[in-house]
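J.: Structure file my_file34.txt (compact mmCIF, C-alpha atoms and all ligand atoms) is given on the next line.
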# COMPACT_ATOMS: atom_id res chain seq x y z
CA MET D 1184 163.45 -20.66 208.26
CA SER D 1185 165.71 -18.17 206.54
CA LEU D 1186 165.65 -15.64 203.74
CA THR D 1187 168.39 -14.36 201.45
CA ILE D 1188 168.82 -10.67 202.16
CA SER D 1189 170.56 -8.12 199.95
CA GLU D 1190 170.37 -5.20 202.41
CA ILE D 1191 168.51 -3.79 205.41
CA PHE D 1192 168.59 -0.03 205.94
CA HIS D 1193 166.73 2.94 207.39
CA SER D 1194 165.71 5.74 205.02
CA ILE D 1195 162.93 8.04 203.87
CA GLN D 1196 160.26 6.23 201.87
CA GLY D 1197 160.77 7.42 198.32
CA GLU D 1198 157.85 5.75 196.55
CA SER D 1199 154.11 5.07 196.86
CA SER D 1200 151.56 7.06 198.87
CA TRP D 1201 153.81 6.48 201.92
CA ALA D 1202 156.57 8.68 200.42
CA GLY D 1203 158.25 11.02 202.88
CA LEU D 1204 157.85 8.83 205.96
CA PRO D 1205 160.76 7.06 207.67
CA PHE D 1206 160.89 3.34 206.92
CA VAL D 1207 163.10 0.31 207.43
CA PHE D 1208 163.80 -1.32 204.07
CA VAL D 1209 164.38 -5.06 203.77
CA ARG D 1210 165.65 -5.91 200.29
CA LEU D 1211 165.38 -9.57 199.37
CA THR D 1212 167.73 -11.16 196.87
CA GLY D 1213 166.55 -12.58 193.54
CA CYS D 1214 164.03 -11.60 190.87
CA ASN D 1215 162.08 -13.62 188.33
CA LEU D 1216 161.81 -10.64 185.94
CA ARG D 1217 164.36 -8.43 184.15
CA CYS D 1218 162.75 -5.02 183.56
CA ARG D 1219 164.76 -2.97 181.05
CA TYR D 1220 164.85 0.05 183.35
CA CYS D 1221 165.51 -1.83 186.62
CA ASP D 1222 167.44 0.32 189.10
CA THR D 1223 168.14 -2.56 191.52
CA ARG D 1224 170.11 -5.09 189.48
CA TYR D 1225 172.54 -5.57 192.35
CA ALA D 1226 169.77 -7.48 194.15
CA TYR D 1227 169.45 -10.14 191.43
CA ASP D 1228 172.01 -12.35 193.19
CA GLY D 1229 174.37 -12.51 196.15
CA GLY D 1230 173.06 -11.53 199.58
CA GLN D 1231 173.26 -13.21 202.96
CA PRO D 1232 171.04 -15.86 204.52
CA MET D 1233 169.26 -14.54 207.64
CA THR D 1234 166.68 -16.16 209.90
CA VAL D 1235 163.35 -14.43 210.50
CA ASP D 1236 164.44 -13.82 214.10
CA ALA D 1237 167.70 -12.19 213.03
CA ILE D 1238 165.83 -9.93 210.57
CA LEU D 1239 163.34 -8.94 213.29
CA GLN D 1240 166.25 -8.01 215.58
CA ARG D 1241 167.93 -5.86 212.91
CA ILE D 1242 164.64 -4.09 212.19
CA ALA D 1243 163.92 -3.48 215.88
CA ALA D 1244 167.29 -1.75 216.31
CA PHE D 1245 166.19 1.11 214.03
CA GLY D 1246 163.25 2.05 216.27
CA CYS D 1247 160.96 2.71 213.30
CA PRO D 1248 157.37 1.41 213.12
CA ARG D 1249 157.15 1.02 209.32
CA VAL D 1250 158.78 -1.64 207.16
CA LEU D 1251 158.96 -2.10 203.38
CA LEU D 1252 159.73 -5.56 202.04
CA THR D 1253 161.18 -5.16 198.56
CA GLY D 1254 163.86 -6.61 196.35
CA GLY D 1255 164.48 -8.09 193.87
CA GLU D 1256 161.11 -9.73 194.09
CA PRO D 1257 160.04 -10.35 197.70
CA LEU D 1258 157.37 -12.93 196.81
CA LEU D 1259 159.96 -15.18 195.16
CA GLN D 1260 161.09 -16.38 198.59
CA GLY D 1261 158.65 -18.70 200.33
CA THR D 1262 159.45 -17.37 203.81
CA THR D 1263 158.48 -13.77 202.98
CA PRO D 1264 154.82 -14.22 204.07
CA GLN D 1265 156.07 -15.53 207.42
CA LEU D 1266 158.29 -12.47 207.89
CA ALA D 1267 155.39 -10.17 206.97
CA GLU D 1268 153.13 -11.94 209.46
CA ALA D 1269 155.73 -11.81 212.26
CA LEU D 1270 156.17 -8.06 211.68
CA SER D 1271 152.41 -7.43 211.65
CA ASP D 1272 152.05 -9.44 214.88
CA ARG D 1273 154.63 -7.11 216.48
CA GLY D 1274 152.64 -4.03 215.49
CA TYR D 1275 154.68 -2.83 212.51
CA THR D 1276 152.99 -1.28 209.50
CA VAL D 1277 154.12 -3.63 206.74
CA THR D 1278 154.24 -2.66 203.07
CA VAL D 1279 155.42 -4.92 200.25
CA GLU D 1280 156.59 -3.85 196.76
CA THR D 1281 155.87 -6.61 194.29
CA ASN D 1282 156.16 -6.95 190.53
CA GLY D 1283 152.65 -8.32 189.93
CA SER D 1284 153.71 -11.63 188.40
CA LEU D 1285 153.25 -13.77 191.52
CA ASP D 1286 150.26 -14.52 193.76
CA ILE D 1287 149.80 -11.57 196.15
CA GLY D 1288 147.22 -13.59 198.11
CA VAL D 1289 150.00 -15.33 200.07
CA LEU D 1290 150.51 -12.17 202.17
CA ASP D 1291 148.85 -11.47 205.50
CA ALA D 1292 145.75 -9.28 205.07
CA ARG D 1293 147.33 -6.66 207.36
CA CYS D 1294 150.04 -5.94 204.73
CA HIS D 1295 149.75 -3.07 202.29
CA ARG D 1296 150.69 -4.45 198.89
CA ILE D 1297 152.12 -2.09 196.28
CA MET D 1298 151.80 -3.95 193.03
CA ASP D 1299 153.37 -2.94 189.73
CA ILE D 1300 151.56 -3.49 186.49
CA LYS D 1301 154.49 -3.76 184.11
CA CYS D 1302 154.10 -1.70 180.94
CA PRO D 1303 155.39 -2.71 177.47
CA SER D 1304 158.73 -0.87 177.67
CA SER D 1305 159.72 -2.99 180.67
CA GLY D 1306 159.72 -6.00 178.34
CA MET D 1307 157.89 -7.88 181.11
CA GLN D 1308 154.22 -7.02 180.48
CA HIS D 1309 153.30 -10.61 179.58
CA HIS D 1310 154.31 -11.83 183.03
CA GLN D 1311 151.42 -10.03 184.70
CA ARG D 1312 149.25 -12.25 186.91
CA TRP D 1313 145.91 -10.62 186.13
CA ALA D 1314 144.10 -12.66 188.82
CA ASN D 1315 145.88 -10.38 191.33
CA LEU D 1316 143.52 -7.54 190.38
CA ASP D 1317 140.67 -9.44 192.04
CA LEU D 1318 142.67 -9.71 195.28
CA LEU D 1319 143.37 -6.00 195.74
CA ALA D 1320 142.10 -4.47 198.99
CA PRO D 1321 141.47 -0.76 199.72
CA GLY D 1322 144.83 -0.38 201.49
CA ASP D 1323 146.80 -1.72 198.51
CA GLU D 1324 148.29 0.34 195.68
CA VAL D 1325 148.80 -0.24 191.99
CA LYS D 1326 151.74 1.30 190.16
CA PHE D 1327 152.68 1.92 186.53
CA VAL D 1328 156.27 2.83 185.72
CA VAL D 1329 156.00 4.78 182.47
CA ALA D 1330 158.90 5.20 180.04
CA ASP D 1331 157.09 6.52 176.96
CA ARG D 1332 153.71 7.44 175.51
CA ASP D 1333 152.90 3.81 174.62
CA ASP D 1334 153.36 2.85 178.27
CA PHE D 1335 151.13 5.73 179.32
CA GLN D 1336 148.37 4.65 176.94
CA TYR D 1337 148.74 1.05 178.09
CA ALA D 1338 148.18 2.18 181.70
CA LEU D 1339 145.18 4.35 180.73
CA ASP D 1340 143.58 1.34 179.03
CA ILE D 1341 143.88 -0.69 182.25
CA LEU D 1342 142.52 2.02 184.58
CA PRO D 1343 138.83 1.15 184.08
CA ARG D 1344 139.59 -2.30 185.49
CA LEU D 1345 140.96 -0.71 188.68
CA ALA D 1346 138.61 2.19 189.22
CA ALA D 1347 136.05 0.18 191.13
CA ARG D 1348 138.67 -1.07 193.63
CA GLN D 1349 141.46 1.49 193.91
CA ALA D 1350 140.97 5.12 194.85
CA ALA D 1351 142.93 7.60 192.72
CA GLU D 1352 145.37 8.27 195.57
CA ARG D 1353 146.43 4.62 195.45
CA ILE D 1354 146.96 4.44 191.70
CA LEU D 1355 150.53 5.52 191.04
CA PHE D 1356 152.17 6.73 187.84
CA SER D 1357 155.95 6.95 188.09
CA PRO D 1358 158.31 8.08 185.33
CA ALA D 1359 161.07 5.60 184.52
CA GLN D 1360 164.00 7.41 186.09
CA GLY D 1361 166.51 8.81 183.61
CA ILE D 1362 164.26 7.84 180.68
CA LEU D 1363 161.02 9.88 180.85
CA PRO D 1364 161.23 13.47 182.14
CA PRO D 1365 158.83 13.72 185.14
CA ARG D 1366 157.29 16.88 183.69
CA GLN D 1367 156.24 15.04 180.55
CA LEU D 1368 154.30 12.53 182.64
CA ALA D 1369 152.73 15.39 184.67
CA ASP D 1370 151.58 17.06 181.44
CA TRP D 1371 150.07 13.82 180.12
CA LEU D 1372 148.24 13.16 183.41
CA LEU D 1373 146.73 16.65 183.41
CA ALA D 1374 145.86 16.71 179.70
CA THR D 1375 144.03 13.38 179.93
CA ARG D 1376 142.31 14.26 183.26
CA THR D 1377 143.67 11.05 184.71
CA GLU D 1378 142.62 10.38 188.31
CA ALA D 1379 145.88 9.02 189.72
CA ARG D 1380 148.91 10.07 191.74
CA LEU D 1381 152.16 11.21 190.10
CA GLN D 1382 154.96 9.58 192.07
CA LEU D 1383 158.58 10.66 191.81
CA GLN D 1384 161.36 8.69 193.48
CA LEU D 1385 162.13 10.99 196.42
CA HIS D 1386 165.28 9.10 197.45
CA LYS D 1387 166.84 9.77 194.03
CA ILE D 1388 166.29 13.49 194.52
CA LEU D 1389 167.68 13.36 198.07
CA TRP D 1390 170.66 11.08 197.33
CA PRO D 1391 171.37 11.26 193.57
CA ASP D 1392 174.91 9.92 193.99
CA GLN D 1393 173.99 6.78 195.97
CA ASP D 1394 172.48 3.75 194.28
CA ARG D 1395 172.02 1.51 197.32
CA GLY D 1396 171.36 1.80 201.04
CA VAL D 1397 169.07 4.87 200.70
C1 LIG G 1 163.24 -2.39 192.38
S1 LIG G 1 161.53 -2.84 192.39
C2 LIG G 1 161.47 -4.13 193.62
C3 LIG G 1 160.09 -4.70 193.82
C4 LIG G 1 159.52 -5.52 192.66
N1 LIG G 1 160.50 -6.31 192.02
C5 LIG G 1 158.81 -4.62 191.67
O1 LIG G 1 159.28 -4.50 190.53
O2 LIG G 1 157.80 -4.04 192.06
C6 LIG G 1 160.77 -1.46 193.29
C7 LIG G 1 160.09 -0.45 192.43
O3 LIG G 1 161.06 0.29 191.71
C8 LIG G 1 160.55 0.53 190.43
N2 LIG G 1 161.65 0.87 189.52
C9 LIG G 1 162.68 0.09 189.16
N3 LIG G 1 163.51 0.74 188.32
C10 LIG G 1 162.97 1.97 188.15
C11 LIG G 1 163.34 3.12 187.38
N4 LIG G 1 164.45 3.13 186.60
N5 LIG G 1 162.55 4.21 187.45
C12 LIG G 1 161.43 4.22 188.21
N6 LIG G 1 161.03 3.18 188.96
C13 LIG G 1 161.79 2.06 188.92
C14 LIG G 1 159.85 -0.77 190.09
O4 LIG G 1 158.97 -0.62 189.00
C15 LIG G 1 159.13 -1.03 191.39
O5 LIG G 1 157.92 -0.32 191.44
N1 LIG G 2 164.15 5.39 199.94
C1 LIG G 2 163.72 4.38 199.20
N2 LIG G 2 162.39 4.23 199.01
C2 LIG G 2 161.98 3.15 198.28
N3 LIG G 2 160.70 2.76 198.04
C3 LIG G 2 160.74 1.63 197.30
C4 LIG G 2 162.06 1.26 197.11
C5 LIG G 2 162.43 0.00 196.42
O1 LIG G 2 163.56 -0.15 195.97
O2 LIG G 2 161.56 -0.88 196.34
C6 LIG G 2 162.86 2.22 197.71
C7 LIG G 2 164.26 2.43 197.88
O3 LIG G 2 165.14 1.72 197.38
N4 LIG G 2 164.62 3.52 198.65
S1 LIG G 3 160.60 -6.86 188.81
FE1 LIG G 3 161.43 -5.24 190.13
S2 LIG G 3 163.47 -5.97 190.81
FE2 LIG G 3 162.75 -7.33 189.16
S3 LIG G 3 163.72 -6.50 187.33
FE3 LIG G 3 161.70 -5.53 187.48
S4 LIG G 3 162.00 -3.62 188.67
FE4 LIG G 3 163.84 -4.90 188.92
MG MG G 4 164.58 1.23 194.74
Write out the structure in this file as structure tokens.

T.:
Amino acid sequence: MSLTISEIFHSIQGESSWAGLPFVFVRLTGCNLRCRYCDTRYAYDGGQPMTVDAILQRIAAFGCPRVLLTGGEPLLQGTTPQLAEALSDRGYTVTVETNGSLDIGVLDARCHRIMDIKCPSSGMQHHQRWANLDLLAPGDEVKFVVADRDDFQYALDILPRLAARQAAERILFSPAQGILPPRQLADWLLATRTEARLQLQLHKILWPDQDRGV
């Protein structure tokens, strides 16, 4: 069983409630969506086939107990759940960034799923698989990337559907990088008394001149 891999690297987690911790990043090739603001277009195609065993070996070499499976869209490849399970079996903390359009139930219950709800400015809002909301567990996170006030209002309107399941610290609002000034989103969150976490992309602050491998 193999997967098509765009890159594997060691860095500081820049997103989610795990931000700031060292992680190994496994970026899978291919995505079924095309968000207007996507910062990872290089992962849409290309990459190298790797077996699960070869990926496990590469990850082990970094000596880091946390792994993020991302992409592209990690759930597009049928072997991703197997990789997540193999990592969990070996004691890794496994997190998965997913775009919300595919069934998150295929992942091992030990995984922490970080699921986007795509807002209108992404152009991809109609791809949302709403049944995923019923699958969310307390260790999962939901994320809105916000590019303008319409996106912010769209996210606010969805919040009541999450409140019963997701604690505020696991509901993420992230400004679309280079489009919405982070301070604008901070002001909106405070003014509306929104119970959620503002999330900035730490790796873009740390390495502004590098667009991959960090
Ligand atoms: C590159 S995606 C890969 C995983 C999956 N395809 C998804 O969209 O969740 C990882 C995260 O980066 C976010 N992202 C992509 N481009 C961004 C940008 N310009 N500003 C802020 N976040 C961005 C996505 O919304 C997603 O939460
Ligand atoms: N440092 C770092 N943290 C990240 N968290 C999520 C990422 C992603 O591209 O999914 C990412 C990334 O690309 N780099
Ligand atoms: S779903 Fe993720 S990888 Fe795919 S286009 Fe959107 S942000 Fe980029
Ligand atoms: Mg990224």

J.: Let me have all residues with an atom within 7 Å of ligand LIG 1 (chain G), counting all atoms listed in the file, laid out as a list of chain:residue names.

T.: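 These are the residues that qualify: D:Cys1214, D:Tyr1220, D:Cys1221, D:Asp1222, D:Thr1223, D:Thr1253, D:Gly1254, D:Gly1255, D:Glu1256, D:Pro1257, D:Glu1280, D:Thr1281, D:Asn1282, D:Met1298, D:Asp1299, D:Lys1326, D:Val1328, D:Ser1357, D:Pro1358, D:Ala1359, D:Gln1360, D:Gly1361, D:Gln1384.
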
J.: Place a sphere of radius 8 Å on (164.6, -16.5, 193.8) in the file coordinates and name every protein, DNA or RNA residue with an atom inside or on its surface, counting only C-alpha atoms; give the answer as a count of residues only.

T.: 7

J.: For D:Gly1274, find every residue with an atom within 12 Å (counting all atoms listed in the file), except residues of its own chain fewer than 2 positions away, and show them as a list in words.

T.: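 The residues satisfying every condition are Leu1239, Ala1243, Cys1247, Pro1248, Arg1249, Val1250, Ala1267, Glu1268, Ala1269, Leu1270, Ser1271, Asp1272, Thr1276, Val1277, Arg1293 and Cys1294 of chain D.
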
J.: Do you have the atom CA of D:Glu1352-atom CA of D:Gly1322 distance handy?

T.: 10.5 Å

J.: Kindly indicate which residue among D:Leu1345, D:Met1184, D:Ala1350, D:Ala1226 lies nearest to ligand MG 4 (chain G), using only C-alpha atoms and all ligand atoms for the distances.

T.: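 Going through D:Leu1345, D:Met1184, D:Ala1350, D:Ala1226 one by one, the smallest distance to ligand MG 4 (chain G) is for D:Ala1226.
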
J.: Residues within 9 Å of ligand LIG 2 (chain G), counting all atoms listed in the file: report them as a VMD selection string.

T.: chain D and resid 1193 to 1199 1201 to 1203 1205 to 1206 1208 to 1210 1222 to 1223 1251 to 1255 1279 to 1281 1384 to 1387 1389 1394 to 1397

J.: What does the distance from atom S2 of ligand LIG 3 (chain G) to atom CA of D:Gln1265 come to in Å, to one decimal?

T.: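 The value is 20.5 Å.
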
J.: Could you tell me how far atom CA of D:Gly1229 lies from atom CA of D:Thr1187, in Å and to one decimal?

T.: 8.2 Å

J.: Using only C-alpha atoms for the distances, tell me which of D:Trp1371, D:Gln1308, D:Pro1365, D:Ala1320 is nearest to D:Ile1388.

T.: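 Nearest candidate to D:Ile1388 out of D:Trp1371, D:Gln1308, D:Pro1365, D:Ala1320: D:Pro1365.
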
J.: With all atoms of ligand LIG 3 (chain G) from the file as input, state the centre and edge lengths in Å to one decimal of the axis-aligned box that has 3 Å extra on each side, as AutoDock Vina command-line options.

T.:
--center_x 162.2 --center_y -5.5 --center_z 189.1 --size_x 9.2 --size_y 9.7 --size_z 9.5

J.: Could you check which of D:Leu1211, D:Ala1314, D:Cys1302, D:Met1307 is closest to ligand MG 4 (chain G), using all atoms listed in the file?

T.: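 Closest residue, counting all atoms listed in the file: D:Leu1211.
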
J.: Go through D:Asp1340, D:Asp1331, D:Asp1228, D:Asp1236 one by one, measure the shortest atom-to-atom distance of each to ligand LIG 3 (chain G) using all atoms listed in the file, and give the residue with the smallest value.

T.: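 Once distances to ligand LIG 3 (chain G) are computed over all atoms listed in the file, the minimum belongs to D:Asp1228.
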